[in-house]
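Below: my_file38.txt (compact mmCIF, C-alpha atoms)
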```
# COMPACT_ATOMS: atom_id res chain seq x y z
CA MET A 394 12.00 2.65 15.68
CA SER A 395 8.32 3.22 16.42
CA GLY A 396 6.53 6.44 15.50
CA HIS A 397 3.14 4.83 14.81
CA ILE A 398 0.56 7.47 13.99
CA LEU A 399 -2.07 5.78 16.17
CA GLU A 400 -1.70 4.64 19.77
CA LEU A 401 -2.24 0.92 20.00
CA SER A 402 -5.49 -0.17 21.62
CA SER A 403 -5.13 -1.78 25.03
CA ASN A 404 -7.09 -4.68 23.55
CA VAL A 405 -4.56 -5.40 20.79
CA GLU A 406 -1.15 -7.08 20.69
CA ARG A 407 1.48 -6.03 18.12
CA LYS A 408 4.49 -8.19 17.30
CA ARG A 409 7.43 -7.40 15.02
CA VAL A 410 8.26 -10.10 12.45
CA VAL A 411 10.98 -10.53 9.81
CA TYR A 412 10.88 -12.87 6.82
CA CYS A 413 12.22 -12.98 3.25
CA ASN A 414 10.66 -12.62 -0.18
CA ARG A 415 11.64 -14.88 -3.07
CA TYR A 416 14.51 -12.54 -3.96
CA GLY A 417 16.03 -13.10 -0.52
CA LEU A 418 15.28 -9.56 0.63
CA GLU A 419 14.29 -9.24 4.27
CA ILE A 420 10.81 -7.88 4.90
CA THR A 421 9.97 -6.35 8.26
CA GLY A 422 6.34 -6.49 9.29
CA GLU A 423 4.07 -6.33 12.29
CA LEU A 424 1.37 -8.76 13.37
CA TYR A 425 -1.77 -7.46 15.09
CA TYR A 426 -4.23 -9.60 17.00
CA SER A 427 -6.65 -9.17 19.87
CA LYS A 428 -5.37 -9.89 23.34
CA GLY A 429 -6.48 -13.31 24.43
CA THR A 430 -6.42 -14.72 20.89
CA ASP A 431 -5.73 -18.43 20.98
CA LEU A 432 -2.68 -18.73 18.75
CA LYS A 433 -2.98 -22.52 18.73
CA GLN A 434 -6.19 -22.17 16.74
CA LYS A 435 -6.33 -21.09 13.07
CA HIS A 436 -7.71 -17.64 12.24
CA PRO A 437 -8.57 -15.55 9.15
CA THR A 438 -5.72 -13.24 8.28
CA LEU A 439 -5.39 -9.98 6.37
CA ILE A 440 -2.33 -8.43 4.71
CA VAL A 441 -2.31 -4.62 4.65
CA GLY A 442 -0.04 -2.78 2.21
CA ALA A 443 0.93 0.86 2.76
CA PRO A 444 0.38 3.72 0.32
CA TYR A 445 3.07 4.15 -2.35
CA GLY A 446 6.02 5.58 -0.44
CA GLY A 447 4.38 4.99 2.94
CA VAL A 448 5.39 2.70 5.78
CA LYS A 449 3.67 0.31 8.17
CA GLU A 450 3.62 2.84 11.03
CA GLN A 451 1.27 5.10 9.06
CA GLY A 452 -2.06 3.99 7.55
CA PRO A 453 -1.48 0.23 7.97
CA CYS A 454 -1.19 0.53 11.75
CA VAL A 455 -4.68 2.06 11.84
CA TYR A 456 -6.08 -0.90 9.90
CA GLY A 457 -4.18 -3.40 12.04
CA ASN A 458 -5.44 -1.84 15.25
CA GLU A 459 -9.09 -1.80 14.15
CA LEU A 460 -9.36 -5.09 12.24
CA ALA A 461 -7.59 -7.07 14.97
CA GLN A 462 -10.46 -6.10 17.24
CA LYS A 463 -12.87 -7.59 14.70
CA GLY A 464 -11.37 -11.05 14.90
CA PHE A 465 -8.65 -10.97 12.24
CA ILE A 466 -4.93 -11.55 12.46
CA VAL A 467 -3.43 -8.61 10.52
CA LEU A 468 0.02 -8.38 8.95
CA THR A 469 1.40 -4.98 7.95
CA PHE A 470 4.81 -4.61 6.29
CA ASP A 471 7.34 -2.22 4.82
CA GLN A 472 8.02 -2.62 1.12
CA SER A 473 11.55 -3.59 0.09
CA PHE A 474 13.95 -0.62 0.07
CA MET A 475 11.59 1.20 2.48
CA GLY A 476 11.28 1.60 6.25
CA GLU A 477 12.75 -1.26 8.24
CA SER A 478 12.78 -3.73 5.35
CA GLY A 479 15.94 -4.69 3.51
CA GLY A 480 17.10 -3.71 0.05
CA PHE A 481 19.72 -1.30 -1.23
CA PRO A 482 19.76 1.40 -2.56
CA ARG A 483 17.12 2.88 -0.29
CA ASN A 484 13.89 4.47 -1.57
CA LEU A 485 14.00 2.47 -4.77
CA SER A 486 10.72 1.41 -6.38
CA SER A 487 10.26 -1.87 -8.21
CA PRO A 488 6.79 -2.90 -9.40
CA ASP A 489 7.73 -6.57 -9.65
CA ILE A 490 9.18 -6.68 -6.14
CA PHE A 491 6.36 -4.61 -4.64
CA VAL A 492 3.83 -7.07 -6.07
CA GLU A 493 5.97 -10.05 -4.99
CA ASN A 494 5.96 -8.79 -1.42
CA PHE A 495 2.23 -9.45 -1.10
CA SER A 496 2.85 -13.08 -2.07
CA ALA A 497 5.84 -13.21 0.29
CA ALA A 498 3.47 -12.13 3.05
CA VAL A 499 1.19 -15.04 2.13
CA ASP A 500 4.20 -17.39 2.26
CA PHE A 501 5.08 -16.19 5.74
CA LEU A 502 1.55 -16.34 7.08
CA GLY A 503 0.91 -19.81 5.70
CA LEU A 504 3.76 -21.15 7.83
CA GLN A 505 2.21 -19.89 11.08
CA GLU A 506 0.15 -22.40 13.05
CA PHE A 507 -2.46 -19.73 13.89
CA VAL A 508 -3.23 -18.87 10.24
CA ASP A 509 -5.92 -20.55 8.17
CA ARG A 510 -4.34 -20.87 4.71
CA GLU A 511 -7.79 -20.87 3.10
CA ARG A 512 -8.71 -17.53 4.67
CA ILE A 513 -6.00 -15.05 3.70
CA GLY A 514 -7.08 -11.71 2.21
CA ALA A 515 -5.31 -8.54 1.12
CA ILE A 516 -5.95 -4.84 1.60
CA GLY A 517 -4.03 -2.34 -0.49
CA ILE A 518 -4.07 1.35 0.41
CA CYS A 519 -3.40 3.84 -2.42
CA GLY A 520 -0.57 2.46 -4.60
CA SER A 521 -0.67 -0.84 -2.74
CA GLY A 522 -4.19 -1.28 -4.09
CA GLY A 523 -2.70 -1.81 -7.53
CA PHE A 524 0.04 -4.07 -6.15
CA ALA A 525 -2.48 -6.17 -4.19
CA ILE A 526 -4.67 -6.68 -7.25
CA SER A 527 -1.63 -7.52 -9.37
CA ALA A 528 -0.52 -10.11 -6.82
CA ALA A 529 -3.99 -11.65 -6.64
CA GLN A 530 -4.10 -11.98 -10.44
CA CYS A 531 -1.60 -14.82 -10.19
CA ASP A 532 -1.54 -15.80 -6.52
CA THR A 533 -4.75 -17.77 -5.99
CA ARG A 534 -3.95 -18.13 -2.30
CA ILE A 535 -5.24 -14.57 -1.85
CA LYS A 536 -8.95 -15.29 -1.43
CA ALA A 537 -10.34 -11.74 -1.46
CA VAL A 538 -8.99 -8.25 -2.19
CA VAL A 539 -9.94 -4.78 -0.97
CA THR A 540 -8.48 -1.57 -2.35
CA MET A 541 -8.69 1.69 -0.42
CA SER A 542 -8.26 4.91 -2.44
CA MET A 543 -6.51 2.83 -5.09
CA TYR A 544 -3.78 4.20 -7.34
CA ASP A 545 -2.58 2.23 -10.36
CA MET A 546 1.01 3.44 -10.31
CA SER A 547 1.79 1.91 -13.72
CA VAL A 548 -0.78 4.34 -15.13
CA ALA A 549 -0.06 7.23 -12.75
CA VAL A 550 3.61 7.57 -13.73
CA ARG A 551 2.55 8.22 -17.32
CA GLY A 552 0.00 10.76 -16.14
CA GLY A 553 -2.06 10.90 -19.32
CA ARG A 554 0.79 12.54 -21.17
CA SER A 555 1.18 12.52 -24.95
CA ALA A 556 3.59 10.21 -26.75
CA GLU A 557 5.94 13.14 -27.25
CA GLU A 558 5.88 14.01 -23.55
CA ILE A 559 6.47 10.37 -22.62
CA GLN A 560 9.46 10.23 -24.96
CA LYS A 561 10.95 13.35 -23.37
CA THR A 562 10.47 11.84 -19.93
CA LYS A 563 12.24 8.65 -20.98
CA GLU A 564 15.12 10.64 -22.43
CA ARG A 565 15.42 12.74 -19.26
CA LEU A 566 15.41 9.66 -17.02
CA ALA A 567 17.86 7.84 -19.31
CA GLN A 568 20.26 10.75 -18.92
CA GLN A 569 19.76 10.59 -15.15
CA ARG A 570 20.89 6.97 -15.27
CA TRP A 571 24.24 8.16 -16.67
CA ILE A 572 24.52 10.58 -13.75
CA ASP A 573 23.57 7.89 -11.24
CA ALA A 574 26.12 5.50 -12.74
CA GLU A 575 28.83 8.14 -12.50
CA ASN A 576 27.91 8.98 -8.90
CA GLY A 577 27.62 5.33 -7.88
CA TYR A 578 24.23 5.92 -6.25
CA PRO A 579 20.80 6.88 -7.63
CA GLU A 580 19.39 10.34 -7.11
CA TYR A 581 16.68 10.62 -4.47
CA ILE A 582 14.95 13.92 -3.74
CA PRO A 583 12.63 13.81 -0.70
CA GLY A 584 9.25 15.44 -1.15
CA PHE A 585 8.51 16.06 2.52
CA PRO A 586 10.48 17.69 5.35
CA GLU A 587 12.54 15.70 7.83
CA GLN A 588 10.52 17.18 10.70
CA PRO A 589 6.73 17.63 10.61
CA LEU A 590 5.33 21.02 9.73
CA ASP A 591 2.76 22.84 11.86
CA GLU A 592 0.65 23.53 8.77
CA VAL A 593 0.67 23.06 5.02
CA PRO A 594 2.18 25.99 3.05
CA GLY A 595 -0.56 27.91 1.28
CA ASP A 596 1.21 28.07 -2.09
CA ILE A 597 1.12 24.31 -2.82
CA PRO A 598 -1.48 23.42 -5.48
CA GLU A 599 -3.73 20.36 -5.31
CA PRO A 600 -3.28 17.44 -5.26
CA GLY A 601 0.21 18.14 -3.94
CA ALA A 602 -1.27 19.95 -0.97
CA GLU A 603 -3.28 16.85 -0.13
CA TRP A 604 -0.14 14.74 0.22
CA PHE A 605 1.27 17.42 2.53
CA ARG A 606 -1.93 17.29 4.64
CA PHE A 607 -0.93 13.77 5.59
CA TYR A 608 2.77 13.12 5.09
CA ALA A 609 4.23 16.52 6.00
CA VAL A 610 2.34 17.29 9.21
CA LYS A 611 1.96 15.50 12.55
CA ARG A 612 -1.12 13.65 11.28
CA GLY A 613 0.90 11.20 9.19
CA HIS A 614 4.55 12.28 9.23
CA HIS A 615 7.18 9.57 9.60
CA PRO A 616 10.93 9.95 8.97
CA HIS A 617 10.94 6.74 6.88
CA ALA A 618 8.35 8.19 4.48
CA ARG A 619 9.85 11.34 3.03
CA GLY A 620 7.95 11.10 -0.25
CA GLY A 621 8.68 9.62 -3.66
CA PHE A 622 11.39 7.25 -4.79
CA THR A 623 14.72 7.42 -6.58
CA THR A 624 14.31 9.54 -9.70
CA THR A 625 14.86 6.73 -12.19
CA SER A 626 12.38 4.42 -10.45
CA ASP A 627 9.70 5.81 -12.76
CA LEU A 628 11.34 4.02 -15.70
CA ALA A 629 10.58 0.62 -14.18
CA MET A 630 6.98 1.58 -13.42
CA MET A 631 6.46 2.96 -16.93
CA ASN A 632 7.49 -0.42 -18.35
CA PHE A 633 5.11 -2.49 -16.20
CA ARG A 634 1.34 -3.01 -16.43
CA LEU A 635 -0.16 -3.85 -13.05
CA LEU A 636 -3.77 -4.67 -13.86
CA ASP A 637 -3.73 -6.33 -17.28
CA TYR A 638 -5.06 -9.63 -15.89
CA ILE A 639 -7.60 -8.34 -13.38
CA THR A 640 -10.30 -10.51 -14.97
CA GLU A 641 -8.41 -13.60 -13.81
CA ILE A 642 -9.10 -12.82 -10.15
CA SER A 643 -12.72 -13.91 -10.64
CA PRO A 644 -14.45 -15.82 -9.03
CA ARG A 645 -12.56 -14.41 -6.05
CA PRO A 646 -14.13 -11.07 -5.03
CA ILE A 647 -12.77 -7.52 -5.15
CA LEU A 648 -14.09 -4.58 -3.15
CA PHE A 649 -13.09 -1.08 -4.28
CA VAL A 650 -13.48 1.57 -1.57
CA VAL A 651 -13.20 5.25 -2.53
CA GLY A 652 -13.99 8.63 -1.06
CA ASP A 653 -16.65 10.64 -2.85
CA ARG A 654 -14.21 13.58 -3.13
CA ALA A 655 -11.09 11.54 -3.93
CA HIS A 656 -9.02 12.96 -6.79
CA SER A 657 -7.97 9.34 -7.45
CA ARG A 658 -11.50 7.96 -7.75
CA PHE A 659 -11.16 7.23 -11.47
CA PHE A 660 -8.48 4.58 -10.81
CA SER A 661 -10.99 2.50 -8.84
CA GLU A 662 -13.80 3.15 -11.30
CA ASP A 663 -11.67 2.05 -14.25
CA ALA A 664 -10.50 -1.09 -12.45
CA TYR A 665 -14.05 -1.87 -11.35
CA GLN A 666 -15.26 -1.68 -14.95
CA ALA A 667 -12.45 -4.00 -16.08
CA ALA A 668 -12.93 -6.60 -13.33
CA LEU A 669 -15.37 -9.50 -13.56
CA GLU A 670 -17.94 -10.45 -10.94
CA PRO A 671 -17.99 -10.73 -8.02
CA LYS A 672 -17.01 -7.11 -7.51
CA GLU A 673 -18.29 -4.14 -5.57
CA MET A 674 -17.71 -0.39 -5.44
CA TYR A 675 -18.24 1.27 -2.06
CA VAL A 676 -18.22 5.09 -1.91
CA VAL A 677 -17.49 6.80 1.41
CA GLU A 678 -19.30 10.08 1.88
CA ASP A 679 -17.38 13.28 2.64
CA ALA A 680 -13.93 11.73 2.16
CA GLU A 681 -10.90 12.74 0.13
CA HIS A 682 -8.17 10.35 -0.96
CA ILE A 683 -6.04 10.51 2.20
CA ASP A 684 -9.02 10.16 4.55
CA LEU A 685 -8.99 6.42 3.89
CA TYR A 686 -5.43 6.27 5.21
CA ASP A 687 -6.23 7.06 8.83
CA ARG A 688 -9.67 8.58 9.44
CA ARG A 689 -11.41 6.04 11.64
CA ASP A 690 -14.63 8.02 11.31
CA ARG A 691 -14.44 7.54 7.52
CA ILE A 692 -12.86 4.12 6.94
CA PRO A 693 -15.73 1.59 6.81
CA PHE A 694 -14.21 -1.07 9.04
CA GLU A 695 -17.56 -2.79 9.57
CA LYS A 696 -17.90 -3.11 5.80
CA LEU A 697 -14.40 -4.56 5.50
CA ALA A 698 -15.02 -7.08 8.26
CA GLU A 699 -18.29 -8.12 6.65
CA PHE A 700 -16.70 -8.44 3.21
CA PHE A 701 -13.85 -10.65 4.39
CA GLY A 702 -16.04 -12.57 6.82
CA THR A 703 -18.42 -13.47 4.00
CA ASN A 704 -15.85 -14.19 1.29
CA MET A 705 -13.08 -16.06 3.07
```

Mind converting the file's structure to structure tokens?
Amino acid sequence: MSGHILELSSNVERKRVVYCNRYGLEITGELYYSKGTDLKQKHPTLIVGAPYGGVKEQGPCVYGNELAQKGFIVLTFDQSFMGESGGFPRNLSSPDIFVENFSAAVDFLGLQEFVDRERIGAIGICGSGGFAISAAQCDTRIKAVVTMSMYDMSVAVRGGRSAEEIQKTKERLAQQRWIDAENGYPEYIPGFPEQPLDEVPGDIPEPGAEWFRFYAVKRGHHPHARGGFTTTSDLAMMNFRLLDYITEISPRPILFVVGDRAHSRFFSEDAYQAALEPKEMYVVEDAEHIDLYDRRDRIPFEKLAEFFGTNM
């Protein structure tokens, strides 16, 4: 299945690849590189992770298309239980596995004769920003990290709620586990329609309306990205801290890229404050959170190429 949100440049090749993570789950990805690239030579390579609940045919394909033209081999992939990757039940979220899949991408790339093992970097969009950082905390093979509109999902699922509210959420989700066990399959409630809408309904409050402005309309709609995960997936994320060891990435560099109007900006600012040097915060003017998914007039590709070119 295709359905990429951006038509591939005539200057770029795209190749489907399949490999396994350390749990034995098949990961389906796509390699991007400029036409004419000598694949017998070694090249710098970037891994691009999709937004939380997104797939490789959405934002990652935009990054693959653009960064391939700047001299990088780019690998995009579907997280386990999502898109074309393996894993059952479908639409299940696992912080450990989602982090592992960045390292599995490094494993795969390091076995290719055209990849320079000493020049592998990672880009995480939205929720994948947190997963990419978490992977880099322990996987020293990732030489540089960029987050785009980062979300720390281990913080987001708690949503700044009080201890009492958190307890009620746990109790509700624990009860849902009984229901799932009885049904033999976990509950999954899609957040977006099966077919793209012509416009976003006017009665949806922010930031929910923002997600609809990408995922629910032709701009970013894909049938493999219907929104959210199985209901009880939040329990796993609530019990996992993604960025506790961010200081251990140093002296490898981190670049945090955010839109000036992004509702999620505080995630990047908090992570930036916690990280050690070398680190950088880059603010994109006139951009909301989702603009860094696909807006080629907003995403600072020159900045990304410069960052990775200098630091890998």

- If we count only C-alpha atoms, what is near stretch 477-480 of chain A at a cut-off of 9 Å, once residues fewer than 4 positions away on the same chain are taken out, given as an MDAnalysis selection string? chainID A and resid 394 411 418:422 448 470:473 484:485 617

For stretch 435-498 of chain A against stretch 534-546 of chain A, with a cut-off of 12 Å and counting all atoms listed in the file, what is the closest atom pair and its distance in Å to one decimal for every residue that makes the cut, ordered by chain and number, as a Markdown table?
```
| residue | atom | partner | partner_atom | distance |
| --- | --- | --- | --- | --- |
| A:Pro437 | CA | A:Lys536 | CA | 10.6 |
| A:Thr438 | CA | A:Ile535 | CA | 10.2 |
| A:Leu439 | CA | A:Ile535 | CA | 9.4 |
| A:Ile440 | CA | A:Ile535 | CA | 9.4 |
| A:Val441 | CA | A:Val539 | CA | 9.5 |
| A:Gly442 | CA | A:Thr540 | CA | 9.7 |
| A:Ala443 | CA | A:Met541 | CA | 10.2 |
| A:Pro444 | CA | A:Tyr544 | CA | 8.7 |
| A:Tyr445 | CA | A:Met546 | CA | 8.3 |
| A:Gly446 | CA | A:Met546 | CA | 11.3 |
| A:Gly452 | CA | A:Met541 | CA | 10.6 |
| A:Pro453 | CA | A:Met541 | CA | 11.2 |
| A:Tyr456 | CA | A:Met541 | CA | 11.0 |
| A:Ser486 | CA | A:Met546 | CA | 10.7 |
| A:Ser487 | CA | A:Met546 | CA | 10.9 |
| A:Pro488 | CA | A:Met546 | CA | 8.6 |
| A:Phe491 | CA | A:Met546 | CA | 11.2 |
| A:Val492 | CA | A:Met546 | CA | 11.7 |
| A:Phe495 | CA | A:Ile535 | CA | 9.1 |
| A:Ser496 | CA | A:Ile535 | CA | 8.2 |
| A:Ala497 | CA | A:Arg534 | CA | 11.3 |
| A:Ala498 | CA | A:Ile535 | CA | 10.3 |
```

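Distance annotation: of A:Arg409, A:Arg554, A:Arg645, A:His436, the residue with the minimal separation from A:Leu424 is A:Arg409; atom set is all atoms listed in the file.
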
- Quick one: residues within 9 Å of (0.6, -19.2, 13.8) (file frame), counting all atoms listed in the file, please, as a list of chain:residue names. A:Leu432, A:Lys433, A:Gln434, A:Lys435, A:His436, A:Leu502, A:Gly503, A:Leu504, A:Gln505, A:Glu506, A:Phe507, A:Val508, A:Asp509

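Those DNA, RNA and protein residues that approach the point (1.7, -6.9, 14.8) to within 9 Å, considering all atoms listed in the file, are Val405, Glu406, Arg407, Lys408, Arg409, Val410, Gly422, Glu423, Leu424, Tyr425, Tyr426, Cys454, Gly457, Asn458, Ile466, Val467, Leu468 and Thr469 of chain A.
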
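Here atom CA of A:Asp687 is placed at a distance of 25.7 Å from atom CA of A:Leu636.
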
- Note on the structure: Counting all atoms listed in the file, the residue among A:Glu459, A:Glu681, A:Glu575, A:Glu450 that lies closest to A:Met475 is A:Glu450

- Query: What is the atom CA of A:Leu669-atom CA of A:Gly514 distance in Å, reported with one decimal?
  - Reply: 18.0 Å

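Relative to atom CA of A:Gly621, atom CA of A:Gly523 is found at 16.6 Å.
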
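With all atoms listed in the file as the atoms that count, the residue of A:Asn494, A:His615, A:Asn414, A:Gly464 with the shortest distance to A:Ser395 is A:His615.
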
- Message: If we count all atoms listed in the file and set the cut-off at 6 Å, which residues sit around A:Ala609, ignoring sequence neighbours fewer than 4 positions away in its own chain? Please answer as a list in words.
- Response: Phe585, Pro589, Leu590, Phe605 and His614 of chain A

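Taking only C-alpha atoms into account, A:Lys563 lies nearest to A:Ser626 out of the set A:Ser657, A:Ser626, A:Asn404, A:Gln462.
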